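K.L.:
One file: final-v6.tsv (TSV, C-alpha atoms).
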chain	number	residue	atom	x	y	z
A	1	MET	CA	7.46	-2.49	-27.31
A	2	GLY	CA	9.78	-5.11	-25.93
A	3	ASP	CA	11.39	-5.19	-29.38
A	4	ARG	CA	12.33	-1.54	-29.07
A	5	ILE	CA	15.84	-2.41	-27.91
A	6	ASN	CA	17.68	-0.17	-30.35
A	7	HIS	CA	19.42	1.03	-27.20
A	8	SER	CA	18.63	4.69	-27.54
A	9	ALA	CA	19.34	4.67	-23.83
A	10	SER	CA	22.71	2.90	-24.27
A	11	LYS	CA	25.53	5.37	-23.77
A	12	ALA	CA	29.02	5.49	-22.41
A	13	MET	CA	27.70	6.86	-19.11
A	14	SER	CA	24.53	6.25	-17.13
A	15	PHE	CA	22.52	8.89	-15.29
A	16	SER	CA	24.07	7.92	-11.96
A	17	GLU	CA	27.49	8.65	-13.43
A	18	GLU	CA	26.43	11.92	-15.03
A	19	LEU	CA	24.34	13.31	-12.16
A	20	PRO	CA	27.15	15.00	-10.16
A	21	GLN	CA	28.26	16.98	-13.20
A	22	LEU	CA	24.70	17.78	-14.23
A	23	LEU	CA	24.01	19.22	-10.79
A	24	ALA	CA	27.29	21.14	-10.72
A	25	THR	CA	26.68	22.76	-14.14
A	26	PRO	CA	22.90	22.82	-14.63
A	27	SER	CA	21.44	23.30	-18.08
A	28	PRO	CA	19.60	26.51	-19.02
A	29	LEU	CA	16.29	24.72	-18.46
A	30	ILE	CA	17.28	23.57	-14.98
A	31	ARG	CA	18.53	27.08	-14.16
A	32	LYS	CA	15.10	28.38	-15.14
A	33	PHE	CA	13.49	25.72	-12.98
A	34	ILE	CA	15.64	26.67	-9.98
A	35	SER	CA	14.67	30.34	-10.41
A	36	LEU	CA	10.99	29.35	-10.29
A	37	LEU	CA	11.53	27.75	-6.87
A	38	GLU	CA	12.75	30.97	-5.27
A	39	PRO	CA	10.36	32.40	-2.64
A	40	VAL	CA	7.54	34.32	-4.36
A	41	ASP	CA	4.65	36.53	-3.23
A	42	ASP	CA	1.02	35.58	-3.69
A	43	ALA	CA	0.64	37.46	-6.97
A	44	ARG	CA	3.61	35.69	-8.54
A	45	LEU	CA	2.48	32.27	-7.30
A	46	ASP	CA	-0.99	32.92	-8.71
A	47	ALA	CA	0.54	33.82	-12.09
A	48	MET	CA	2.58	30.60	-12.04
A	49	ALA	CA	-0.56	28.60	-11.22
A	50	GLN	CA	-2.46	30.16	-14.12
A	51	GLU	CA	0.36	29.39	-16.54
A	52	SER	CA	0.59	25.85	-15.19
A	53	GLN	CA	-3.13	25.37	-15.74
A	54	ARG	CA	-2.92	26.76	-19.27
A	55	LEU	CA	-0.12	24.38	-20.23
A	56	THR	CA	-1.86	21.40	-18.63
A	57	ARG	CA	-5.08	22.06	-20.52
A	58	LEU	CA	-3.12	22.62	-23.75
A	59	HIS	CA	-1.33	19.27	-23.60
A	60	PHE	CA	-3.75	17.08	-21.60
A	61	GLY	CA	-7.14	18.69	-22.01
A	62	LYS	CA	-9.56	18.61	-19.09
A	63	THR	CA	-8.95	14.98	-18.22
A	64	ILE	CA	-7.85	13.24	-15.01
A	65	ARG	CA	-6.73	9.63	-15.40
A	66	LEU	CA	-7.78	7.35	-12.53
A	67	PHE	CA	-5.93	4.35	-11.15
A	68	ALA	CA	-5.65	2.30	-7.95
A	69	PRO	CA	-2.80	0.35	-6.33
A	70	ILE	CA	-2.95	-3.29	-5.30
A	71	TYR	CA	-0.36	-4.23	-2.69
A	72	LEU	CA	0.80	-7.78	-3.39
A	73	SER	CA	3.16	-8.29	-0.45
A	74	ASN	CA	4.56	-6.37	2.51
A	75	GLU	CA	7.52	-8.72	2.82
A	76	CYS	CA	10.79	-6.86	2.34
A	77	ILE	CA	14.49	-7.63	2.58
A	78	ASN	CA	15.46	-3.97	2.91
A	79	ASN	CA	15.87	-1.82	6.00
A	80	CYS	CA	14.61	1.67	5.12
A	81	LYS	CA	14.20	3.93	8.13
A	82	TYR	CA	11.13	5.74	6.72
A	83	CYS	CA	9.08	2.72	5.57
A	84	GLY	CA	6.54	0.62	7.42
A	85	PHE	CA	7.59	-2.50	5.48
A	86	SER	CA	11.21	-2.26	6.66
A	87	ARG	CA	12.40	-5.79	7.40
A	88	ASP	CA	13.18	-5.23	11.10
A	89	ASN	CA	9.74	-3.77	11.86
A	90	PRO	CA	7.75	-6.39	13.83
A	91	ILE	CA	4.71	-5.98	11.57
A	92	ILE	CA	2.05	-8.43	10.42
A	93	ARG	CA	2.97	-9.57	6.91
A	94	THR	CA	1.46	-11.53	4.06
A	95	THR	CA	1.93	-12.19	0.36
A	96	LEU	CA	-1.22	-12.61	-1.71
A	97	THR	CA	-1.68	-15.65	-3.88
A	98	VAL	CA	-2.39	-15.00	-7.55
A	99	ASP	CA	-6.06	-15.89	-6.97
A	100	GLU	CA	-6.20	-13.37	-4.13
A	101	VAL	CA	-4.68	-10.70	-6.36
A	102	VAL	CA	-7.44	-11.40	-8.88
A	103	GLN	CA	-10.06	-10.99	-6.13
A	104	GLU	CA	-8.62	-7.58	-5.24
A	105	ALA	CA	-8.57	-6.59	-8.92
A	106	ARG	CA	-12.14	-7.78	-9.49
A	107	TYR	CA	-13.26	-5.62	-6.57
A	108	LEU	CA	-11.61	-2.57	-8.14
A	109	TYR	CA	-12.96	-3.47	-11.59
A	110	ASP	CA	-16.50	-3.46	-10.20
A	111	LEU	CA	-15.85	0.07	-8.91
A	112	GLY	CA	-14.90	1.18	-12.41
A	113	LEU	CA	-11.10	0.92	-12.29
A	114	ARG	CA	-9.33	-0.13	-15.49
A	115	SER	CA	-5.81	0.97	-14.55
A	116	ILE	CA	-4.05	-0.79	-11.68
A	117	LEU	CA	-0.59	-0.40	-10.17
A	118	LEU	CA	0.82	-3.59	-8.60
A	119	VAL	CA	2.99	-2.73	-5.58
A	120	SER	CA	5.26	-5.03	-3.63
A	121	GLY	CA	8.00	-5.03	-1.07
A	122	GLU	CA	11.33	-6.41	-2.25
A	123	HIS	CA	11.93	-9.95	-0.99
A	124	PRO	CA	13.02	-12.63	-3.51
A	125	LYS	CA	12.26	-15.44	-1.06
A	126	PHE	CA	8.54	-14.58	-0.94
A	127	VAL	CA	7.97	-12.46	-4.07
A	128	THR	CA	9.67	-15.08	-6.20
A	129	ASP	CA	10.85	-15.04	-9.79
A	130	GLY	CA	7.79	-15.55	-11.96
A	131	TYR	CA	5.24	-14.36	-9.38
A	132	ILE	CA	4.80	-10.91	-10.95
A	133	GLN	CA	4.45	-12.50	-14.38
A	134	GLU	CA	1.75	-14.84	-13.07
A	135	CYS	CA	-0.14	-11.91	-11.57
A	136	LEU	CA	0.04	-10.01	-14.87
A	137	ASP	CA	-1.13	-13.04	-16.82
A	138	ALA	CA	-4.12	-13.40	-14.51
A	139	LEU	CA	-5.14	-9.74	-14.77
A	140	HIS	CA	-4.52	-8.56	-18.32
A	141	SER	CA	-7.69	-10.15	-19.72
A	142	PHE	CA	-9.88	-7.63	-17.84
A	143	ILE	CA	-7.47	-4.87	-16.68
A	144	PRO	CA	-6.08	-3.14	-19.81
A	145	ALA	CA	-3.51	-0.89	-18.09
A	146	LEU	CA	-1.17	-2.63	-15.66
A	147	GLY	CA	1.71	-0.89	-13.93
A	148	LEU	CA	4.34	-2.00	-11.44
A	149	GLU	CA	6.06	-0.50	-8.42
A	150	ILE	CA	8.52	-3.19	-7.39
A	151	GLY	CA	12.23	-3.58	-6.63
A	152	PRO	CA	14.61	-2.70	-9.51
A	153	LEU	CA	15.41	-5.45	-12.01
A	154	PRO	CA	17.81	-5.98	-14.96
A	155	ASP	CA	16.57	-4.81	-18.37
A	156	ASP	CA	16.07	-8.35	-19.69
A	157	ARG	CA	13.68	-9.07	-16.80
A	158	TYR	CA	11.81	-5.89	-17.65
A	159	SER	CA	11.49	-7.03	-21.25
A	160	GLU	CA	9.96	-10.28	-20.04
A	161	ILE	CA	7.55	-8.44	-17.74
A	162	VAL	CA	6.45	-6.13	-20.57
A	163	HIS	CA	5.78	-9.26	-22.63
A	164	HIS	CA	3.41	-10.38	-19.87
A	165	GLY	CA	1.34	-7.22	-20.12
A	166	ALA	CA	2.88	-4.48	-17.96
A	167	GLU	CA	2.94	-1.07	-19.62
A	168	GLN	CA	4.09	1.25	-16.81
A	169	LEU	CA	6.88	1.18	-14.24
A	170	ALA	CA	7.00	3.50	-11.23
A	171	VAL	CA	10.31	3.74	-9.39
A	172	TYR	CA	11.13	6.45	-6.88
A	173	GLN	CA	14.66	7.26	-5.85
A	174	GLU	CA	13.28	8.31	-2.44
A	175	THR	CA	16.13	10.80	-2.04
A	176	TYR	CA	18.69	11.94	-4.61
A	177	ASN	CA	21.07	12.98	-1.82
A	178	ARG	CA	23.58	10.12	-1.81
A	179	GLU	CA	24.73	10.71	1.78
A	180	VAL	CA	21.18	10.79	3.14
A	181	TYR	CA	20.29	7.76	1.00
A	182	GLU	CA	23.13	5.75	2.56
A	183	GLN	CA	22.06	6.78	6.06
A	184	LEU	CA	18.45	5.74	5.48
A	185	HIS	CA	19.05	2.43	3.69
A	186	THR	CA	21.00	0.26	6.10
A	187	ALA	CA	20.47	-3.26	4.74
A	188	GLY	CA	19.20	-5.11	1.70
A	189	MET	CA	19.41	-4.68	-2.05
A	190	LYS	CA	18.06	-1.15	-1.88
A	191	LYS	CA	21.35	0.03	-0.38
A	192	ASN	CA	22.72	0.27	-3.93
A	193	TYR	CA	22.03	3.92	-4.81
A	194	ASP	CA	23.30	3.70	-8.40
A	195	TRP	CA	21.38	0.51	-9.24
A	196	ARG	CA	18.14	2.17	-8.21
A	197	LEU	CA	18.92	5.51	-9.87
A	198	ASP	CA	19.57	3.85	-13.24
A	199	CYS	CA	16.42	1.74	-13.04
A	200	PRO	CA	14.31	3.97	-15.37
A	201	GLU	CA	16.90	3.57	-18.13
A	202	ARG	CA	16.78	-0.23	-17.80
A	203	ALA	CA	12.98	-0.09	-17.82
A	204	TYR	CA	13.12	1.92	-21.04
A	205	ILE	CA	15.41	-0.61	-22.69
A	206	GLY	CA	13.02	-3.32	-21.49
A	207	GLY	CA	10.14	-1.68	-23.36
A	208	PHE	CA	7.93	0.10	-20.81
A	209	ARG	CA	5.77	2.70	-22.54
A	210	ARG	CA	5.27	4.74	-19.35
A	211	ILE	CA	7.93	5.48	-16.75
A	212	GLN	CA	7.20	7.37	-13.54
A	213	ILE	CA	9.84	8.75	-11.18
A	214	GLY	CA	9.77	10.80	-8.01
A	215	ALA	CA	11.36	11.71	-4.70
A	216	LEU	CA	9.89	11.15	-1.24
A	217	PHE	CA	9.77	14.70	0.07
A	218	GLY	CA	10.69	15.02	3.72
A	219	LEU	CA	13.97	13.08	3.70
A	220	ALA	CA	16.29	15.84	2.47
A	221	PRO	CA	15.97	19.60	1.76
A	222	TRP	CA	13.11	19.88	-0.70
A	223	ARG	CA	14.66	22.37	-3.14
A	224	GLN	CA	17.74	20.18	-3.55
A	225	GLU	CA	15.53	17.16	-4.17
A	226	ALA	CA	13.45	19.12	-6.65
A	227	MET	CA	16.52	20.21	-8.62
A	228	ALA	CA	17.78	16.62	-8.86
A	229	LEU	CA	14.31	15.38	-9.81
A	230	ALA	CA	14.03	17.98	-12.59
A	231	THR	CA	17.51	17.05	-13.81
A	232	HIS	CA	16.41	13.41	-13.96
A	233	ILE	CA	13.29	14.34	-15.95
A	234	GLU	CA	15.34	16.34	-18.45
A	235	TYR	CA	17.78	13.46	-18.85
A	236	LEU	CA	15.04	10.87	-19.41
A	237	GLN	CA	13.25	13.06	-21.94
A	238	LYS	CA	16.47	13.25	-23.94
A	239	HIS	CA	17.57	9.63	-23.68
A	240	CYS	CA	14.32	7.70	-23.18
A	241	TRP	CA	12.13	9.75	-25.48
A	242	LYS	CA	9.96	6.92	-26.80
A	243	SER	CA	8.41	6.45	-23.35
A	244	SER	CA	5.96	8.77	-21.64
A	245	ILE	CA	7.63	10.29	-18.56
A	246	SER	CA	5.63	11.22	-15.49
A	247	VAL	CA	6.41	12.32	-11.97
A	248	ALA	CA	4.87	11.79	-8.52
A	249	PHE	CA	5.18	14.01	-5.45
A	250	PRO	CA	4.89	11.73	-2.41
A	251	ARG	CA	5.33	13.43	0.93
A	252	MET	CA	6.21	11.62	4.13
A	253	ARG	CA	3.26	10.15	6.02
A	254	PRO	CA	2.95	8.30	9.34
A	255	TYR	CA	4.00	4.67	8.95
A	256	ALA	CA	4.26	1.44	10.95
A	257	GLY	CA	6.78	1.94	13.72
A	258	ASN	CA	6.30	5.71	13.59
A	259	TYR	CA	2.61	6.53	13.49
A	260	GLU	CA	3.39	9.66	15.50
A	261	TYR	CA	5.59	10.96	12.68
A	262	GLU	CA	6.24	14.70	12.85
A	263	PRO	CA	7.80	16.16	9.69
A	264	ASP	CA	11.07	18.07	9.87
A	265	THR	CA	10.00	21.58	8.87
A	266	GLN	CA	13.47	22.24	7.44
A	267	LEU	CA	13.09	19.33	5.02
A	268	MET	CA	9.38	19.09	4.43
A	269	LEU	CA	7.59	20.37	1.36
A	270	ASN	CA	4.73	22.45	2.78
A	271	ASP	CA	1.46	23.01	0.92
A	272	ARG	CA	2.47	26.35	-0.57
A	273	ASN	CA	5.81	25.04	-1.79
A	274	PHE	CA	4.08	21.92	-3.12
A	275	VAL	CA	1.95	24.13	-5.38
A	276	GLN	CA	5.00	26.12	-6.42
A	277	LEU	CA	6.96	22.97	-7.25
A	278	MET	CA	4.13	21.56	-9.36
A	279	CYS	CA	3.82	24.85	-11.25
A	280	ALA	CA	7.59	25.07	-11.83
A	281	LEU	CA	7.71	21.54	-13.21
A	282	ARG	CA	4.74	22.12	-15.50
A	283	ILE	CA	6.21	25.37	-16.84
A	284	CYS	CA	9.58	23.73	-17.56
A	285	PHE	CA	8.25	20.31	-18.61
A	286	PRO	CA	4.82	20.95	-20.14
A	287	ARG	CA	4.29	17.40	-21.43
A	288	ILE	CA	5.08	15.28	-18.36
A	289	GLY	CA	2.32	13.54	-16.46
A	290	MET	CA	1.81	14.42	-12.80
A	291	SER	CA	0.32	11.95	-10.34
A	292	ILE	CA	-1.12	12.73	-6.90
A	293	SER	CA	-1.84	9.86	-4.51
A	294	THR	CA	-4.05	9.48	-1.45
A	295	ARG	CA	-1.08	10.53	0.67
A	296	GLU	CA	-2.52	13.98	0.06
A	297	PRO	CA	-5.73	15.12	1.79
A	298	GLU	CA	-8.96	15.78	-0.08
A	299	PHE	CA	-8.60	19.57	-0.17
A	300	MET	CA	-5.11	19.36	-1.70
A	301	ARG	CA	-6.11	16.86	-4.36
A	302	ASN	CA	-9.17	18.90	-5.27
A	303	GLY	CA	-7.08	22.05	-5.61
A	304	LEU	CA	-4.26	20.44	-7.57
A	305	MET	CA	-6.72	19.26	-10.23
A	306	HIS	CA	-6.75	22.83	-11.52
A	307	ILE	CA	-2.99	23.34	-11.63
A	308	GLY	CA	-1.11	20.44	-13.13
A	309	MET	CA	-2.40	17.06	-12.04
A	310	THR	CA	-3.02	14.60	-14.87
A	311	HIS	CA	-3.73	11.39	-12.95
A	312	MET	CA	-4.66	10.40	-9.43
A	313	SER	CA	-5.52	7.33	-7.40
A	314	ALA	CA	-9.28	6.92	-7.07
A	315	ILE	CA	-8.96	4.71	-4.00
A	316	ALA	CA	-6.06	3.14	-2.10
A	317	ARG	CA	-5.26	0.62	0.59
A	318	THR	CA	-1.58	0.24	1.43
A	319	GLU	CA	-1.69	-3.26	2.90
A	320	PRO	CA	-1.97	-6.53	0.94
A	321	GLY	CA	-5.60	-7.61	0.77
A	322	GLY	CA	-6.74	-4.19	1.96
A	323	TYR	CA	-9.81	-4.03	-0.31
A	324	THR	CA	-11.36	-7.45	0.27
A	325	GLY	CA	-9.59	-8.86	3.32
A	326	VAL	CA	-7.93	-11.71	1.41
A	327	GLY	CA	-4.53	-12.93	2.59
A	328	ARG	CA	-5.45	-12.60	6.25
A	329	GLN	CA	-5.43	-16.36	6.85
A	330	SER	CA	-1.73	-16.54	5.92
A	331	ALA	CA	-0.68	-13.49	7.97
A	332	HIS	CA	2.47	-13.93	10.04
A	333	HIS	CA	5.63	-12.28	11.31
A	334	THR	CA	8.88	-12.65	9.42
A	335	ILE	CA	12.01	-12.97	11.56
A	336	HIS	CA	15.42	-13.45	9.93
A	337	GLY	CA	13.71	-14.52	6.70
A	338	ASN	CA	11.51	-17.12	8.43
A	339	GLN	CA	7.75	-16.92	8.77
A	340	VAL	CA	6.55	-17.06	12.38
A	341	ALA	CA	2.92	-17.62	13.36
A	342	LEU	CA	1.02	-14.81	15.08
A	343	ASP	CA	0.23	-15.18	18.74
A	344	ASP	CA	-3.39	-15.38	19.85
A	345	SER	CA	-3.60	-11.67	20.71
A	346	GLN	CA	-2.75	-10.69	17.13
A	347	LYS	CA	-4.86	-13.11	15.13
A	348	ASP	CA	-7.68	-10.58	14.66
A	349	GLU	CA	-5.38	-7.71	13.70
A	350	LYS	CA	-5.19	-6.62	10.08
A	351	VAL	CA	-2.11	-6.93	7.91
A	352	THR	CA	0.16	-3.89	8.36
A	353	GLU	CA	-0.10	-1.00	5.92
A	354	GLN	CA	2.95	0.71	4.41
A	355	PHE	CA	1.75	4.16	5.47
A	356	SER	CA	-1.50	5.84	6.43
A	357	ILE	CA	-3.46	7.56	3.67
A	358	SER	CA	-5.10	10.98	3.93
A	359	ASP	CA	-7.91	10.86	1.37
A	360	HIS	CA	-10.46	8.18	2.25
A	361	ARG	CA	-13.07	8.98	-0.42
A	362	THR	CA	-14.65	6.31	-2.56
A	363	PRO	CA	-14.05	6.29	-6.33
A	364	ALA	CA	-17.58	7.62	-6.81
A	365	GLN	CA	-16.83	10.56	-4.54
A	366	VAL	CA	-13.53	11.24	-6.33
A	367	VAL	CA	-15.33	11.19	-9.68
A	368	ALA	CA	-17.96	13.59	-8.35
A	369	ALA	CA	-15.22	16.00	-7.27
A	370	ILE	CA	-13.52	15.80	-10.67
A	371	GLU	CA	-16.77	16.48	-12.49
A	372	ALA	CA	-17.66	19.31	-10.10
A	373	ALA	CA	-14.34	20.91	-11.09
A	374	GLY	CA	-15.43	20.86	-14.74
A	375	LEU	CA	-13.03	18.05	-15.61
A	376	GLU	CA	-13.47	14.59	-17.11
A	377	PRO	CA	-12.52	11.41	-15.19
A	378	VAL	CA	-10.81	8.86	-17.45
A	379	TRP	CA	-11.05	5.23	-16.37
A	380	LYS	CA	-9.29	3.81	-19.42
A	381	ASP	CA	-6.83	5.42	-21.83
A	382	TRP	CA	-4.92	2.35	-22.99
A	383	ASP	CA	-5.61	-1.08	-24.44
A	384	PRO	CA	-3.01	-3.70	-25.46
A	385	GLY	CA	-4.67	-3.83	-28.88
A	386	LEU	CA	-3.35	-0.32	-29.52
A	387	ASP	CA	0.28	-1.46	-29.28
A	388	VAL	CA	1.45	-1.73	-32.86
A	389	MET	CA	5.13	-0.96	-32.22
What would the structure in this file look like if it were written as structure tokens?
P.N.:
Amino acid sequence: MGDRINHSASKAMSFSEELPQLLATPSPLIRKFISLLEPVDDARLDAMAQESQRLTRLHFGKTIRLFAPIYLSNECINNCKYCGFSRDNPIIRTTLTVDEVVQEARYLYDLGLRSILLVSGEHPKFVTDGYIQECLDALHSFIPALGLEIGPLPDDRYSEIVHHGAEQLAVYQETYNREVYEQLHTAGMKKNYDWRLDCPERAYIGGFRRIQIGALFGLAPWRQEAMALATHIEYLQKHCWKSSISVAFPRMRPYAGNYEYEPDTQLMLNDRNFVQLMCALRICFPRIGMSISTREPEFMRNGLMHIGMTHMSAIARTEPGGYTGVGRQSAHHTIHGNQVALDDSQKDEKVTEQFSISDHRTPAQVVAAIEAAGLEPVWKDWDPGLDVM
């Protein structure tokens, strides 16, 4: 797919340039979407849920695709006020070696996982050029579906990464509200709102067959975020149509430096509105994938299986080496870009997680819940041998 650079996504203007006008004069589809987000009574919400389920079964059958993340590094050059990996947080950090990444992947493989998302903080000094490629090279012989959630790159770098075996890229804008974005991102490469917003288009040009986007709900008013997210989906379906587009719905969770996090009720997407948003997206975009992570508690994930979810994480640890404990021997602090040894009181502490998860079930328990719902868990739906493009 790396040869697919016919530049269907090449245009006079990028999405970041078009977004203000698209929001000011929404398309008929986006107007319909906005109407579906208006407050509704229980009967109307139930009708939306039934229609969402019908469309999901029509286009995806009764399947739930399973995956798991592997966190490669919690080093980061960015200051993001909502993230545990933020560079000024005095957390315990590490970057896994390629051999340690393989150990984490082998652990997940033995649990049944065949789809893995490699996640990393953004720090070119520690997550160096070539490191991701080495990880992909080491994994693709036994993990058929490899995805990435890393800092944005140029399209030629994406083409190289696809050549090394990656087939999915997940990149979340966090918030589409430019003013809020600038307030939350105070240092590092992530400060560049437009560079991040146009990342899915560069990934498409680079050849990724799956592209996943999303907003981190809880940073700005949720209906505004939802409108911008839907506008982004519509744009990508028009301009990046050879790739499968999916969406995630992460909600703010407690994180390092703020484990007592209390959501702003004016901004937060509550459970009822979460269901309504998922239904509205499915009704307007019946063919997009929808992913629900372990940020959500068990009861929510079980319920959302029936409405619109198409894939979910079967297990998650949000710190490097979280599955097997590897990487602990090289744990340290990072101060002004320099690694500093832990003091004696911290040497037995674990590496810091990005955020706390809500669903702590094992993959076997997740599978049991899927099957109890009358659905089919899918461990593998892709193999590199299928790529004939």
K.L.:
Using the file's own x, y and z axes, what box holds all listed atoms of stretch 156-170 of chain A with 3 Å on each side, keeping edges along x, y and z, and what are its centre and edge lengths in Å to one decimal, as lines of an AutoDock Vina configuration file?
P.N.:
center_x = 8.7
center_y = -3.4
center_z = -16.9
size_x = 20.7
size_y = 19.9
size_z = 17.4
K.L.:
Which residues are near stretch 276-284 of chain A? Cut-off 8 Å, all atoms listed in the file, ignore same chain within fewer than 4 positions. Put them as an MDAnalysis selection string.
P.N.:
chainID A and resid 29 32:33 36:37 45 48:49 51:52 55:56 226 230 272 288 307:308
K.L.:
Using all atoms listed in the file, find the one residue out of A:Ile150, A:Val102, A:Met227, A:Ala341 that sits nearest to A:Ser120.
P.N.:
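Among A:Ile150, A:Val102, A:Met227, A:Ala341, it is A:Ile150 that comes nearest to A:Ser120.
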K.L.:
Go through A:Arg209, A:Lys347, A:His239, A:Arg253 one by one, measure the shortest atom-to-atom distance of each to A:Pro384 using all atoms listed in the file, and give the residue with the smallest value.
P.N.:
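Among the listed residues, A:Arg209 lies closest to A:Pro384.
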K.L.:
Measuring atom to atom with all atoms listed in the file, identify which of A:Asn79, A:Gln21, A:Gln168, A:Ser73 is nearest to A:Ile92.
P.N.:
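Closest candidate: A:Ser73.
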K.L.:
Within 7 Å of stretch 294-301 of chain A, counting only C-alpha atoms, which residues qualify if same-chain residues fewer than 5 places away don't, as a PDB file with C-alpha atoms, keeping the file's coordinate frame?
P.N.:
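Now in result_14.pdb:
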ATOM      1  CA  PRO A 250       4.890  11.730  -2.410  1.00  0.00           C
ATOM      2  CA  ARG A 253       3.260  10.150   6.020  1.00  0.00           C
ATOM      3  CA  SER A 313      -5.520   7.330  -7.400  1.00  0.00           C
ATOM      4  CA  ALA A 316      -6.060   3.140  -2.100  1.00  0.00           C
ATOM      5  CA  ILE A 357      -3.460   7.560   3.670  1.00  0.00           C
ATOM      6  CA  SER A 358      -5.100  10.980   3.930  1.00  0.00           C
ATOM      7  CA  ASP A 359      -7.910  10.860   1.370  1.00  0.00           C
TER       8      ASP A 359
END
K.L.:
Please list as a PyMOL selection string every residue within 9 Å of stretch 157-165 of chain A, counting all atoms listed in the file and excluding residues in the same chain fewer than 3 positions away.
P.N.:
chain A and resi 1-3+132-134+136-137+139-140+144-147+153-154+168+202-208+384
K.L.:
Using all atoms listed in the file, which residue out of A:Val326, A:Leu375, A:Met309, A:Leu148 lies closest to A:Tyr172?
P.N.:
A:Leu148
K.L.:
Please report the interatomic distance between atom CA of A:Gln329 and atom CA of A:Asp129 in Å with one decimal.
P.N.:
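Spanning atom CA of A:Gln329 to atom CA of A:Asp129 is a straight-line distance of 23.3 Å.
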K.L.:
Find, counting all atoms listed in the file, the residue in A:Ala314, A:Leu342, A:Leu19, A:Met189 that gets nearest to A:Val367.
P.N.:
A:Ala314
K.L.:
In Å, how far is it from atom CA of A:Gly289 to atom CA of A:Gly303?
P.N.:
16.7 Å
K.L.:
Could you give me, as a ChimeraX atom specification, the residues that have an atom at most 10 Å away from the point (16.2, 4.1, -12.3) in the coordinates of the file, using all atoms listed in the file?
P.N.:
/A:14-16,152-153,169-173,193-204,211-213,232,236
K.L.:
Here is a test: counting all atoms listed in the file, which residue of A:Gly385, A:Gly218, A:Gly374, A:Pro69 is nearest to A:Ser293?
P.N.:
A:Pro69
K.L.:
Rounded to one decimal, what separation in Å do you get between atom CA of A:Val101 and atom CA of A:Ile315?
P.N.:
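According to the coordinates, atom CA of A:Val101 and atom CA of A:Ile315 are separated by 16.2 Å.
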K.L.:
Excluding A:Phe249 and residues on its chain fewer than 3 positions from it, collect all residues at most 7 Å away from it, counting only C-alpha atoms, and give them as a list in words.
P.N.:
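Neighbouring residues, sequence-local ones excluded: Gly214, Ala215, Leu216 and Ile292 of chain A.
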K.L.:
Mind checking which residues fall within 10 Å of A:Asp381, counting all atoms listed in the file, ignoring those fewer than 3 positions away in the same chain, and posting them as a VMD selection string?
P.N.:
chain A and resid 65 to 66 114 to 115 144 to 145 378
